[in-house]
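Below you'll find the structure, written out as structure tokens, and then a few comments.
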Amino acid sequence: MTNSTTMAHAPREVLSLKNPSFCAYMVCSCILVIKMIAVALLTAYKRKVHKVYLSPEDVKTNTGQIDTHDDVERVRRAHLNDLENIPLFWTTAFVFLFAKPPVWLACLMFFTFVIARIGHTIVYAVYVVRQPARAVCFLTGLVITLYMALHAMIVGFAHI
Amino acid sequence: MTNSTTMAHAPREVLSLKNPSFCAYMVCSCILVIKMIAVALLTAYKRKVHKVYLSPEDVKTNTGQIDTHDDVERVRRAHLNDLENIPLFWTTAFVFLFAKPPVWLACLMFFTFVIARIGHTIVYAVYVVRQPARAVCFLTGLVITLYMALHAMIVGFAHI
Amino acid sequence: MTNSTTMAHAPREVLSLKNPSFCAYMVCSCILVIKMIAVALLTAYKRKVHKVYLSPEDVKTNTGQIDTHDDVERVRRAHLNDLENIPLFWTTAFVFLFAKPPVWLACLMFFTFVIARIGHTIVYAVYVVRQPARAVCFLTGLVITLYMALHAMIVGFAHI
């Protein structure tokens, strides 16, 4: 009969700025997008510095050669790892919202994921730290995604 | 005047647990997320087994060397093929829901896609089967995505 | 007191075929999906023409060998660049819709992005044009994504 009980049972709209979990999803998704753009620009910058390119037309306009460099490849690996993990988060977190998790849980998961992925990029591509620093960041993100996917799958399955 | 006719014409909410097509989307998206996580972990496992790594800091903590191995590269190619196809499905299937397909069609497309992609991973990375096994799985997924994209594009275009 | 003012202030549903911005999102997302499928098929076609493959089972059914070819690698790089940019657009444009931009702004951003990415693929993989043609296409897409991400992040943050 309390106000909070009534609100919890009220059919709240999931995809609305009135839902704090969805606002957290918006913020976290955008931070990850900006982070990935930063990694893309870092690759371009490293190519300029080391003068190594992949396509002949890039060599013509810049002085340099078609080659690879450890430093560039490291940033590219970090970028590829983002591609293997962050789109999974975007989709999983989105469907997870429909499982109507408590706001604190959604925020905790989303922001921890963001911190783990930013940490991953830093220890992989910016300032190399010895393992298991990168493995911890990677697995934190993976476990969060896996939990949300299992949770949302069960809720979805129960309502088909 | 029948009940089913009335319901079909009623403005049903697309993104709701009351819409079985959306529940199927939730379930299928999550299965694909879990499948991709499994492929990521399989890569890590194969690296451990064959003792080949890409970064010096991984060689330090594990005994091994910086090298590539056919077995590892095969799993990575399967993973890359997933990246080239599954995010397309997530987006296409999502906008396809707004074209309000019949529930049986949406379910058929989503679950066939999931089966095709799981089959693709198995015949590519787990137990290699001779072609055209992989090509059939790949093309099944592609045709489903293409159909949904064309359908949703036309519906979207008609309402702009 | 005019009708247009009333409508602008009315709580319009974001994810609905009645919202022209969302229809533009549907159309643009689907065009990009179809474009990426075309690049995937172009890779397969180039492999056939140059008879170079990555897996032994492909060599068996087709005459050819395990090798790489500049022409194939060029298409693959264009494809990878798509993977690094287009899923970011799908997510960013989606959350950007909730920031309720004017319809003309949303349409302008979405369709410019589509044109920039199609241009990128053409000058990279189909008919190679000297730089900065590719750089201009790439940066146009990047700036649009970045603007939408910043805009949506601020709106999301203000409503948490």
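Identifiers in the structure tokens: chain A, B, ... in order shown; residue index from 1 per chain; ligand index from 1 in order shown.
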
Distance table requested - chain B against chain C, cut-off 6 Å, only C-alpha atoms: one row per qualifying residue with the closest atom pair and its distance in Å to one decimal, ordered by chain and rising residue number, as a tab-separated table.
residue	atom	partner	partner_atom	distance
B:Val95	CA	C:Met26	CA	5.9
B:Arg130	CA	C:Glu57	CA	5.6
B:Ala149	CA	C:Cys30	CA	4.9
B:Met153	CA	C:Val27	CA	4.6
B:Gly156	CA	C:Cys23	CA	4.6
B:Ile160	CA	C:Pro20	CA	4.8

Would you give me, as an NGL selection string, the residues in chain C that DSSP reads as strand (DSSP E)?
-> :C and (52-53 or 65-66)

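Our summary of the geometry notes that CA of Val129 (chain B) is positioned 17.1 Å from CA of Arg76 (chain B).
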
Picked from chain C by DSSP as alpha helix (DSSP H), as a PyMOL selection string | chain C and resi 3-9+20-50+56-61+70-97+103-121+133-159

Could you dump the residues just selected with C-alpha atoms as a CSV table (one decimal), in the first residue's frame?
chain,number,residue,atom,x,y,z
C,3,ASN,CA,-1.6,23.7,-34.5
C,4,SER,CA,2.1,23.1,-35.2
C,5,THR,CA,3.1,24.5,-31.8
C,6,THR,CA,0.6,22.2,-30.1
C,7,MET,CA,1.9,19.2,-31.9
C,8,ALA,CA,5.6,20.1,-31.2
C,9,HIS,CA,4.8,20.1,-27.5
C,20,PRO,CA,9.3,10.6,-39.5
C,21,SER,CA,12.7,10.6,-37.8
C,22,PHE,CA,12.3,6.9,-36.8
C,23,CYS,CA,11.1,6.0,-40.3
C,24,ALA,CA,14.3,7.7,-41.6
C,25,TYR,CA,16.3,5.6,-39.1
C,26,MET,CA,14.6,2.4,-40.4
C,27,VAL,CA,15.3,3.3,-44.0
C,28,CYS,CA,19.0,4.4,-43.4
C,29,SER,CA,19.8,1.4,-41.2
C,30,CYS,CA,18.4,-1.0,-43.8
C,31,ILE,CA,20.3,0.7,-46.7
C,32,LEU,CA,23.5,0.3,-44.6
C,33,VAL,CA,22.7,-3.4,-44.0
C,34,ILE,CA,22.2,-4.0,-47.7
C,35,LYS,CA,25.4,-2.1,-48.5
C,36,MET,CA,27.4,-4.3,-46.0
C,37,ILE,CA,25.8,-7.5,-47.5
C,38,ALA,CA,26.9,-6.2,-51.0
C,39,VAL,CA,30.5,-5.8,-49.7
C,40,ALA,CA,30.5,-9.3,-48.2
C,41,LEU,CA,29.3,-10.7,-51.6
C,42,LEU,CA,32.0,-8.6,-53.4
C,43,THR,CA,34.7,-10.2,-51.2
C,44,ALA,CA,33.4,-13.7,-52.2
C,45,TYR,CA,33.3,-12.7,-55.9
C,46,LYS,CA,36.9,-11.3,-55.8
C,47,ARG,CA,38.0,-14.5,-54.1
C,48,LYS,CA,36.5,-16.5,-57.0
C,49,VAL,CA,38.0,-14.3,-59.7
C,50,HIS,CA,41.5,-14.3,-58.1
C,56,PRO,CA,41.6,-25.7,-47.1
C,57,GLU,CA,37.9,-26.8,-47.5
C,58,ASP,CA,37.3,-23.9,-49.9
C,59,VAL,CA,40.3,-24.8,-52.1
C,60,LYS,CA,39.0,-28.4,-52.5
C,61,THR,CA,35.6,-27.4,-54.0
C,70,ASP,CA,45.8,-7.1,-53.0
C,71,ASP,CA,42.3,-6.7,-54.6
C,72,VAL,CA,40.7,-9.0,-52.1
C,73,GLU,CA,42.5,-7.4,-49.1
C,74,ARG,CA,41.3,-4.0,-50.3
C,75,VAL,CA,37.6,-5.1,-50.1
C,76,ARG,CA,38.2,-6.7,-46.7
C,77,ARG,CA,39.7,-3.5,-45.4
C,78,ALA,CA,36.7,-1.6,-46.6
C,79,HIS,CA,34.5,-4.2,-44.9
C,80,LEU,CA,36.4,-3.9,-41.6
C,81,ASN,CA,36.1,-0.1,-41.7
C,82,ASP,CA,32.4,-0.6,-42.1
C,83,LEU,CA,32.4,-2.8,-39.0
C,84,GLU,CA,34.3,-0.2,-37.1
C,85,ASN,CA,31.8,2.6,-38.0
C,86,ILE,CA,28.3,1.4,-39.0
C,87,PRO,CA,27.3,-0.4,-35.8
C,88,LEU,CA,28.3,2.7,-33.9
C,89,PHE,CA,25.9,4.6,-36.1
C,90,TRP,CA,23.0,2.1,-35.5
C,91,THR,CA,23.4,2.5,-31.7
C,92,THR,CA,24.1,6.3,-31.7
C,93,ALA,CA,21.3,7.2,-34.1
C,94,PHE,CA,18.9,5.0,-32.1
C,95,VAL,CA,19.6,6.8,-28.7
C,96,PHE,CA,19.8,10.1,-30.5
C,97,LEU,CA,16.1,9.7,-31.5
C,103,VAL,CA,12.9,15.9,-38.1
C,104,TRP,CA,15.0,17.8,-40.7
C,105,LEU,CA,18.2,17.5,-38.5
C,106,ALA,CA,17.7,13.7,-37.9
C,107,CYS,CA,17.1,13.2,-41.7
C,108,LEU,CA,20.0,15.3,-42.7
C,109,MET,CA,22.4,13.4,-40.3
C,110,PHE,CA,21.1,9.9,-41.2
C,111,PHE,CA,21.1,10.4,-45.0
C,112,THR,CA,24.4,12.2,-45.0
C,113,PHE,CA,26.0,9.3,-43.0
C,114,VAL,CA,24.6,6.8,-45.5
C,115,ILE,CA,25.9,8.8,-48.5
C,116,ALA,CA,29.3,9.2,-46.8
C,117,ARG,CA,29.6,5.4,-46.1
C,118,ILE,CA,28.5,4.4,-49.6
C,119,GLY,CA,31.1,6.9,-51.0
C,120,HIS,CA,33.7,5.4,-48.7
C,121,THR,CA,33.1,1.9,-50.0
C,133,ALA,CA,38.5,11.2,-51.1
C,134,ARG,CA,38.4,8.3,-48.7
C,135,ALA,CA,39.5,10.4,-45.7
C,136,VAL,CA,36.7,13.0,-46.4
C,137,CYS,CA,34.0,10.2,-46.5
C,138,PHE,CA,35.4,8.6,-43.3
C,139,LEU,CA,35.6,11.8,-41.4
C,140,THR,CA,32.1,12.9,-42.4
C,141,GLY,CA,30.7,9.7,-41.0
C,142,LEU,CA,32.8,10.1,-37.9
C,143,VAL,CA,31.8,13.7,-37.1
C,144,ILE,CA,28.1,12.9,-37.5
C,145,THR,CA,28.4,9.9,-35.1
C,146,LEU,CA,30.4,12.0,-32.7
C,147,TYR,CA,27.9,14.8,-32.7
C,148,MET,CA,24.9,12.5,-32.2
C,149,ALA,CA,26.7,10.6,-29.4
C,150,LEU,CA,27.6,13.9,-27.5
C,151,HIS,CA,24.0,15.2,-27.9
C,152,ALA,CA,22.4,12.0,-26.7
C,153,MET,CA,24.8,11.6,-23.8
C,154,ILE,CA,24.0,15.1,-22.5
C,155,VAL,CA,20.3,14.5,-22.8
C,156,GLY,CA,20.5,11.1,-21.1
C,157,PHE,CA,22.7,12.5,-18.4
C,158,ALA,CA,20.2,15.4,-17.7
C,159,HIS,CA,17.4,12.8,-17.1

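From CA of Ala125 (chain B) back to CA of Thr63 (chain C), the distance works out to 22.4 Å.
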
Two-atom distance - CA of Lys51 (chain A), CA of Gly64 (chain A) (Å) = 4.5 Å
